[in-house]
$ cat structure36.txt   # compact mmCIF, C-alpha atoms
# COMPACT_ATOMS: atom_id res chain seq x y z
CA MET A 1 -8.10 9.78 10.03
CA LYS A 2 -7.94 8.42 6.50
CA ILE A 3 -4.85 6.32 5.79
CA LEU A 4 -4.01 5.22 2.25
CA GLY A 5 -1.82 2.12 2.06
CA ILE A 6 0.19 1.48 -1.11
CA ASP A 7 1.91 -1.68 -2.34
CA PRO A 8 4.10 -0.45 -5.23
CA GLY A 9 4.75 -2.34 -8.44
CA MET A 10 5.19 -1.69 -12.15
CA ALA A 11 2.49 -4.10 -13.36
CA ILE A 12 0.18 -3.76 -10.35
CA VAL A 13 -0.03 -1.13 -7.63
CA GLY A 14 -2.31 -2.18 -4.80
CA TYR A 15 -4.07 0.41 -2.67
CA GLY A 16 -6.31 0.32 0.38
CA LEU A 17 -7.93 3.23 2.18
CA ILE A 18 -8.89 2.78 5.81
CA GLU A 19 -10.56 5.11 8.26
CA TYR A 20 -9.03 4.98 11.69
CA ASP A 21 -11.02 6.46 14.57
CA ASN A 22 -10.69 5.70 18.25
CA ASN A 23 -8.89 2.37 17.63
CA LYS A 24 -11.60 1.31 15.15
CA ILE A 25 -10.55 0.52 11.59
CA LYS A 26 -12.89 0.50 8.63
CA LEU A 27 -11.95 -0.29 5.03
CA THR A 28 -13.50 2.39 2.84
CA ALA A 29 -11.88 1.73 -0.55
CA SER A 30 -9.43 -0.63 -2.18
CA GLY A 31 -8.26 -1.64 -5.61
CA SER A 32 -5.35 -1.66 -7.96
CA ILE A 33 -3.67 0.28 -10.70
CA ARG A 34 -2.68 -2.02 -13.54
CA THR A 35 -0.35 -1.20 -16.38
CA SER A 36 0.11 -2.99 -19.68
CA LYS A 37 3.29 -4.93 -20.37
CA ASN A 38 2.88 -3.89 -23.99
CA CYS A 39 3.54 -0.23 -23.17
CA LYS A 40 6.91 1.47 -22.70
CA ASP A 41 8.04 1.90 -19.10
CA GLU A 42 7.65 5.67 -19.30
CA GLU A 43 4.02 5.25 -20.39
CA ARG A 44 3.38 2.82 -17.56
CA LEU A 45 4.93 5.21 -15.04
CA LEU A 46 2.78 8.07 -16.33
CA ASP A 47 -0.31 5.86 -15.97
CA ILE A 48 0.69 5.09 -12.37
CA PHE A 49 1.29 8.79 -11.64
CA ASN A 50 -2.03 9.89 -13.14
CA ASP A 51 -4.00 7.14 -11.42
CA MET A 52 -2.34 7.87 -8.05
CA CYS A 53 -3.28 11.54 -8.45
CA THR A 54 -6.87 10.54 -9.17
CA ILE A 55 -6.98 8.26 -6.12
CA ILE A 56 -5.56 11.00 -3.89
CA GLU A 57 -7.98 13.60 -5.27
CA ASN A 58 -10.98 11.27 -4.87
CA TYR A 59 -10.25 9.99 -1.36
CA LYS A 60 -8.23 12.85 0.17
CA PRO A 61 -6.15 10.76 2.60
CA ASP A 62 -4.63 12.40 5.66
CA CYS A 63 -1.46 10.35 5.23
CA VAL A 64 -0.07 7.59 3.05
CA SER A 65 1.85 4.51 4.10
CA VAL A 66 3.99 2.91 1.40
CA GLU A 67 5.88 -0.35 1.32
CA LYS A 68 9.60 0.31 1.48
CA LEU A 69 11.99 -1.67 -0.69
CA TYR A 70 14.76 -3.18 1.36
CA PHE A 71 15.74 -6.40 -0.43
CA PHE A 72 14.52 -7.97 -3.60
CA LYS A 73 14.79 -11.61 -4.66
CA ASN A 74 14.05 -10.98 -8.34
CA GLN A 75 16.84 -8.82 -9.79
CA LYS A 76 14.90 -8.32 -13.05
CA THR A 77 12.07 -6.45 -11.34
CA ILE A 78 13.87 -4.34 -8.74
CA ILE A 79 14.51 -1.37 -11.02
CA PRO A 80 10.98 -1.18 -12.49
CA VAL A 81 9.45 -1.52 -9.00
CA ALA A 82 11.80 1.16 -7.65
CA GLU A 83 10.85 3.45 -10.55
CA ALA A 84 7.14 2.84 -9.88
CA ARG A 85 7.68 3.53 -6.18
CA GLY A 86 9.46 6.79 -7.02
CA THR A 87 6.56 7.78 -9.25
CA ILE A 88 4.09 6.99 -6.46
CA LEU A 89 6.08 9.02 -3.92
CA THR A 90 6.19 11.94 -6.39
CA ALA A 91 2.41 11.83 -6.84
CA ILE A 92 1.89 11.83 -3.07
CA GLN A 93 4.36 14.67 -2.59
CA LYS A 94 2.52 16.71 -5.24
CA TYR A 95 -0.35 16.94 -2.73
CA ASN A 96 1.97 17.51 0.24
CA ILE A 97 0.57 14.51 2.13
CA PRO A 98 2.71 12.98 4.90
CA ILE A 99 4.38 9.72 3.79
CA PHE A 100 5.28 6.85 6.10
CA GLU A 101 7.30 3.86 4.92
CA TYR A 102 7.34 0.30 6.21
CA THR A 103 9.29 -2.75 5.10
CA PRO A 104 7.38 -5.99 4.55
CA MET A 105 9.04 -7.37 7.70
CA GLU A 106 7.82 -4.39 9.76
CA VAL A 107 4.26 -4.83 8.46
CA LYS A 108 4.32 -8.54 9.33
CA GLN A 109 5.75 -7.82 12.78
CA VAL A 110 3.11 -5.21 13.57
CA LEU A 111 0.16 -7.23 12.26
CA THR A 112 1.11 -10.73 13.41
CA GLY A 113 3.85 -10.27 16.01
CA TYR A 114 6.26 -12.19 13.78
CA GLY A 115 8.41 -10.53 11.11
CA ARG A 116 8.58 -13.64 8.95
CA ALA A 117 4.85 -14.38 8.90
CA THR A 118 3.36 -15.92 5.77
CA LYS A 119 1.05 -14.08 3.38
CA LYS A 120 -1.82 -16.21 4.72
CA GLU A 121 -1.07 -15.19 8.32
CA VAL A 122 -1.03 -11.51 7.34
CA GLU A 123 -4.26 -11.96 5.37
CA ASP A 124 -5.89 -13.62 8.39
CA MET A 125 -4.90 -10.69 10.63
CA VAL A 126 -6.30 -8.22 8.08
CA LYS A 127 -9.60 -10.15 8.15
CA ILE A 128 -9.65 -10.13 11.95
CA THR A 129 -8.81 -6.42 12.11
CA LEU A 130 -11.52 -5.51 9.60
CA GLU A 131 -13.95 -8.01 11.12
CA THR A 132 -14.69 -9.57 7.75
CA HIS A 133 -14.32 -12.86 5.92
CA ASP A 134 -14.15 -11.21 2.51
CA LEU A 135 -11.05 -9.50 1.21
CA PRO A 136 -10.09 -8.43 -2.30
CA LYS A 137 -8.74 -11.33 -4.35
CA LEU A 138 -5.56 -9.54 -5.42
CA ASP A 139 -2.58 -10.04 -3.06
CA ASP A 140 -1.26 -6.56 -3.90
CA THR A 141 -4.49 -4.97 -2.67
CA VAL A 142 -4.52 -7.03 0.56
CA ASP A 143 -0.87 -6.07 1.12
CA ALA A 144 -1.76 -2.39 0.69
CA ILE A 145 -4.54 -2.72 3.26
CA ALA A 146 -2.08 -4.40 5.63
CA ILE A 147 0.36 -1.49 5.15
CA ALA A 148 -2.40 0.99 6.04
CA ILE A 149 -3.36 -1.03 9.13
CA CYS A 150 0.31 -1.20 10.12
CA HIS A 151 0.50 2.59 10.09
CA SER A 152 -2.68 2.94 12.13
CA ARG A 153 -1.08 0.80 14.83
CA GLN A 154 2.09 2.91 14.80
CA LEU A 155 0.29 6.24 15.34
CA LYS A 156 0.62 6.06 19.12
CA PHE A 157 4.41 5.90 18.73
CA LEU A 158 4.71 8.93 16.42

$ encode --input "structure36.txt" --output "structure tokens"
Amino acid sequence: MKILGIDPGMAIVGYGLIEYDNNKIKLTASGSIRTSKNCKDEERLLDIFNDMCTIIENYKPDCVSVEKLYFFKNQKTIIPVAEARGTILTAIQKYNIPIFEYTPMEVKQVLTGYGRATKKEVEDMVKITLETHDLPKLDDTVDAIAIAICHSRQLKFL
């Protein structure tokens, strides 16, 4: 099963594609969609939509797990991030792919056993799960991989 994890954002959208088979997880692709602050929001959203469509067409995931917004510390970025997330969900729905949503706290709980784990603790569990010492440098991409892994661990409950 191919699971695409998405960490939404207006400036950066992280993504990570894992293959889950018989409790084995392999990272097959990861990266980010970046938009320019110099462009209008509607142009940035269109870039996100088009790039998400390309990612979906290239990798053909069986399902997509997306970070769910539940609380935001920075009031200036909540609306742009919500708009980007809506654009991402629309792109996924265009291909009629099942969508699963997880809050950051749920991802942390599933990966580390503690819902208030630090970014470093989550990153360490991603490394252990993938049996690697090397992860992408961008936090958004690592978060997306963590979201995909979270979903793989929830499959037995669905």

$ atom_distance --input "structure36.txt" --atom1 "atom CA of A:Pro61" --atom2 "atom CA of A:Lys37"
29.4 Å

$ residues_around --input "structure36.txt" --residues "stretch 95-106 of chain A" --least-positions-apart "5" --cutoff "6 Å" --atoms "all atoms listed in the file" --output "list in words"
Cys63, Val64, Ser65, Val66, Glu67, Lys68 and Gly115 of chain A

$ atom_distance --input "structure36.txt" --atom1 "atom CA of A:Asp62" --atom2 "atom CA of A:Ile6"
13.7 Å

$ atom_distance --input "structure36.txt" --atom1 "atom CA of A:Ala29" --atom2 "atom CA of A:Tyr15"
8.2 Å

$ residues_near_point --input "structure36.txt" --point "(-9.9, -8.9, 3.9)" --cutoff "9 Å" --atoms "all atoms listed in the file" --output "mmCIF file with C-alpha atoms, in the coordinates of the input"
data_model
loop_
_atom_site.group_PDB
_atom_site.id
_atom_site.type_symbol
_atom_site.label_atom_id
_atom_site.label_comp_id
_atom_site.auth_asym_id
_atom_site.auth_seq_id
_atom_site.Cartn_x
_atom_site.Cartn_y
_atom_site.Cartn_z
ATOM 1 C CA LEU A 27 -11.950 -0.290 5.030
ATOM 2 C CA GLU A 123 -4.260 -11.960 5.370
ATOM 3 C CA ASP A 124 -5.890 -13.620 8.390
ATOM 4 C CA MET A 125 -4.900 -10.690 10.630
ATOM 5 C CA VAL A 126 -6.300 -8.220 8.080
ATOM 6 C CA LYS A 127 -9.600 -10.150 8.150
ATOM 7 C CA ILE A 128 -9.650 -10.130 11.950
ATOM 8 C CA THR A 129 -8.810 -6.420 12.110
ATOM 9 C CA LEU A 130 -11.520 -5.510 9.600
ATOM 10 C CA GLU A 131 -13.950 -8.010 11.120
ATOM 11 C CA THR A 132 -14.690 -9.570 7.750
ATOM 12 C CA HIS A 133 -14.320 -12.860 5.920
ATOM 13 C CA ASP A 134 -14.150 -11.210 2.510
ATOM 14 C CA LEU A 135 -11.050 -9.500 1.210
ATOM 15 C CA PRO A 136 -10.090 -8.430 -2.300
ATOM 16 C CA LYS A 137 -8.740 -11.330 -4.350
ATOM 17 C CA VAL A 142 -4.520 -7.030 0.560
ATOM 18 C CA ILE A 145 -4.540 -2.720 3.260
#

$ closest_residue --input "structure36.txt" --among "A:Ile25, A:Ile18, A:Ala91, A:Ile78" --to "A:Asp47" --atoms "all atoms listed in the file"
A:Ala91

$ closest_residue --input "structure36.txt" --among "A:Thr87, A:Ser32, A:Ser152, A:Asn58" --to "A:Gly14" --atoms "all atoms listed in the file"
A:Ser32

$ closest_residue --input "structure36.txt" --among "A:Ile55, A:Ile48, A:Cys150, A:Ala117" --to "A:Arg85" --atoms "all atoms listed in the file"
A:Ile48

$ closest_residue --input "structure36.txt" --among "A:Ile56, A:Val122, A:Leu45, A:Leu89" --to "A:Lys2" --atoms "all atoms listed in the file"
A:Ile56

$ closest_residue --input "structure36.txt" --among "A:Leu158, A:Cys53, A:Val110, A:Ile79" --to "A:Ile92" --atoms "only C-alpha atoms"
A:Cys53

$ closest_residue --input "structure36.txt" --among "A:Lys108, A:Ile3, A:Lys40, A:Gln93" --to "A:Lys26" --atoms "all atoms listed in the file"
A:Ile3

$ residues_around --input "structure36.txt" --residues "A:Thr35" --least-positions-apart "6" --cutoff "10 Å" --atoms "only C-alpha atoms" --output "list in words"
Gly9, Met10, Ala11, Ile12, Val13, Asp41, Glu43, Arg44, Leu45, Leu46, Asp47 and Ile48 of chain A
